[in-house]
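Enquirer: The structure follows.
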Amino acid sequence: MRRPDLDDMTRLVDLPVEARISAPQTIGRGYRSYEKYEISLPGKFGTSGIERDVLRSGLVVGILPIDISRNEVVLIRQFRLGSHFALGKGAMIEIPAGRAGPQETADQAARRECHEEVGVSPIKLCPLFQIMPAPALSDECMMLYAVLIDAAQVKARAGCAEEQEDIEPIRVSIDAALQTLRSGAFHNSTVIIALQWLALNRETLPTLFDAAIT
């Protein structure tokens with residue numbers, strides 16, 4: 001098998017674009033703002049104009065809670081209207097996640113969301129990488145974290161009452177979570193990505209959390 005070439009890896013980096021973007025036209029506003037833009041993009045044959053709609057979500061955080069001593073992860077189940085429409089399976093398995101508040105850092109938001117959605121505060125917090133779940137539709141950019149927790153403290157039900165959340169935290173062995181991943185039973189993109197990361201890095205978790213933020 002050919003080893004990755006440095007030039008190949010350089011070609012795979014996301015790049016900035018010199019785009020001219022109009023002021024937003026608000027299409028609708030609810031929990032998030034839905035906006036339309038006119039965009040001028042440079043191209044091989046000159047500048048082209050396009051229109052795009054985008055759901056403005058901004059910074060969000062995703063958390064994979066792990067209990068190393070018990071060899072467990074904690075996932076959650078909650079209702080998602082999109083999954084209900086697309087799959088007829090509205091009670092979706094996910095990782096804890098949520099938007100960062102206007103005055104919150106990503107680390108602060110991750111700690112808060114972990115406590116709100118599984119009932120436990122992180123012992124250690126390890127930032128991993130950023131994910132854009134649907135960049136053609138939304139500017140939502142998720143900072144993914146692995147967090148060390150004591151799974152014995154996980155609550156039977158959780159969620160933020162102000163946001164009308166009704167969340168079921170689910171303690172499960174890492175082996176069971178990864179086997180479910182292999183079976184293709186998960187549909188939520190962030191839980192798939194988080195568990196794929198776990199499968200690749202499981203053996204290094206103790207070292208990772210030793211160096212993580214307390």
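Residue names in the structure tokens use chain letters A, B, ... in the order shown, residue numbers from 1 in each chain, and ligand numbers from 1 in the order shown.
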Counting only C-alpha atoms, what are the residues of stretch 71-177 of chain A within 12 Å of stretch 24-36 of chain A, and for each of them which pair of atoms is the nearest and at what distance in Å, to one decimal? Sort the table by chain and rising number, as JSON lines.

Expert:
{"residue": "A:Arg99", "atom": "CA", "partner": "A:Arg32", "partner_atom": "CA", "distance": 10.8}
{"residue": "A:Leu137", "atom": "CA", "partner": "A:Tyr34", "partner_atom": "CA", "distance": 9.8}
{"residue": "A:Ser138", "atom": "CA", "partner": "A:Tyr34", "partner_atom": "CA", "distance": 8.9}
{"residue": "A:Asp139", "atom": "CA", "partner": "A:Tyr34", "partner_atom": "CA", "distance": 10.6}
{"residue": "A:Glu140", "atom": "CA", "partner": "A:Arg32", "partner_atom": "CA", "distance": 10.6}
{"residue": "A:Glu163", "atom": "CA", "partner": "A:Tyr31", "partner_atom": "CA", "distance": 10.1}

Enquirer: So which residues touch A:Ile39 within 7 Å, counting only C-alpha atoms, skipping near sequence neighbours fewer than 4 positions away, as JSON, numbers by chain?

Expert: {"A": [19, 20, 21, 22, 49, 50, 51]}

Enquirer: Any chance you could export the current selection's N, CA and C atoms as a PDB file, in the first residue's frame?

Expert:
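So the final result, stored in part.pdb, reads:
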ATOM      1  N   ALA A  19     -14.644  35.273  -1.738  1.00  0.00           N
ATOM      2  CA  ALA A  19     -16.038  35.431  -2.156  1.00  0.00           C
ATOM      3  C   ALA A  19     -16.578  36.787  -1.711  1.00  0.00           C
ATOM      4  N   ARG A  20     -17.363  37.409  -2.580  1.00  0.00           N
ATOM      5  CA  ARG A  20     -18.083  38.626  -2.199  1.00  0.00           C
ATOM      6  C   ARG A  20     -19.513  38.214  -1.852  1.00  0.00           C
ATOM      7  N   ILE A  21     -19.924  38.561  -0.640  1.00  0.00           N
ATOM      8  CA  ILE A  21     -21.199  38.080  -0.108  1.00  0.00           C
ATOM      9  C   ILE A  21     -22.068  39.277   0.270  1.00  0.00           C
ATOM     10  N   SER A  22     -23.320  39.240  -0.147  1.00  0.00           N
ATOM     11  CA  SER A  22     -24.253  40.340   0.105  1.00  0.00           C
ATOM     12  C   SER A  22     -24.664  40.376   1.574  1.00  0.00           C
ATOM     13  N   GLY A  49     -22.063  34.274 -10.269  1.00  0.00           N
ATOM     14  CA  GLY A  49     -22.967  34.658  -9.190  1.00  0.00           C
ATOM     15  C   GLY A  49     -23.919  33.534  -8.841  1.00  0.00           C
ATOM     16  N   ILE A  50     -24.098  33.297  -7.554  1.00  0.00           N
ATOM     17  CA  ILE A  50     -25.021  32.258  -7.087  1.00  0.00           C
ATOM     18  C   ILE A  50     -25.830  32.798  -5.921  1.00  0.00           C
ATOM     19  N   GLU A  51     -26.938  32.144  -5.634  1.00  0.00           N
ATOM     20  CA  GLU A  51     -27.730  32.428  -4.437  1.00  0.00           C
ATOM     21  C   GLU A  51     -27.724  31.200  -3.551  1.00  0.00           C
TER      22      GLU A  51
END

Enquirer: Which residue is closest to A:Leu181? Choose from A:Phe209, A:Glu168, A:Gln196, A:Cys126 and count only C-alpha atoms.

Expert: A:Gln196

Enquirer: Which residue out of A:Glu72, A:Val147, A:Gly119, A:Tyr37 has the minimum interatomic distance to A:Val54 when only C-alpha atoms are used?

Expert: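 So, comparing all the options, the nearest one is A:Tyr37.
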
Enquirer: Can you list, as a list of chain:residue names, every residue of stretch 2-126 of chain A that DSSP puts in helix (DSSP H, G or I)?

Expert: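 The helix (DSSP H, G or I) residues within stretch 2-126 of chain A come out as A:Leu6, A:Asp7, A:Asp8, A:Met9, A:Thr10, A:Arg11, A:Leu81, A:Gly82, A:Ser83, A:His84, A:Phe85, A:Ala86, A:Leu87, A:Ala106, A:Asp107, A:Gln108, A:Ala109, A:Ala110, A:Arg111, A:Arg112, A:Glu113, A:Cys114, A:His115, A:Glu116, A:Glu117, A:Val118.
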
Enquirer: What is the atom CA of A:Met142-atom CA of A:Ser57 distance in Å, reported with one decimal?

Expert: 10.0 Å

Enquirer: Need to verify the contact set: A:Arg80, 7 Å, only C-alpha atoms, exclusion of same-chain residues closer than 3 positions in sequence. Can you return it as a PyMOL selection string?

Expert: chain A and resi 83-84+90-92

Enquirer: Could you tell me how far atom CA of A:Ile167 sits from atom CA of A:Leu81, in Å to one decimal place?

Expert: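 Pair atom CA of A:Leu81 / atom CA of A:Ile167 returns 14.4 Å.
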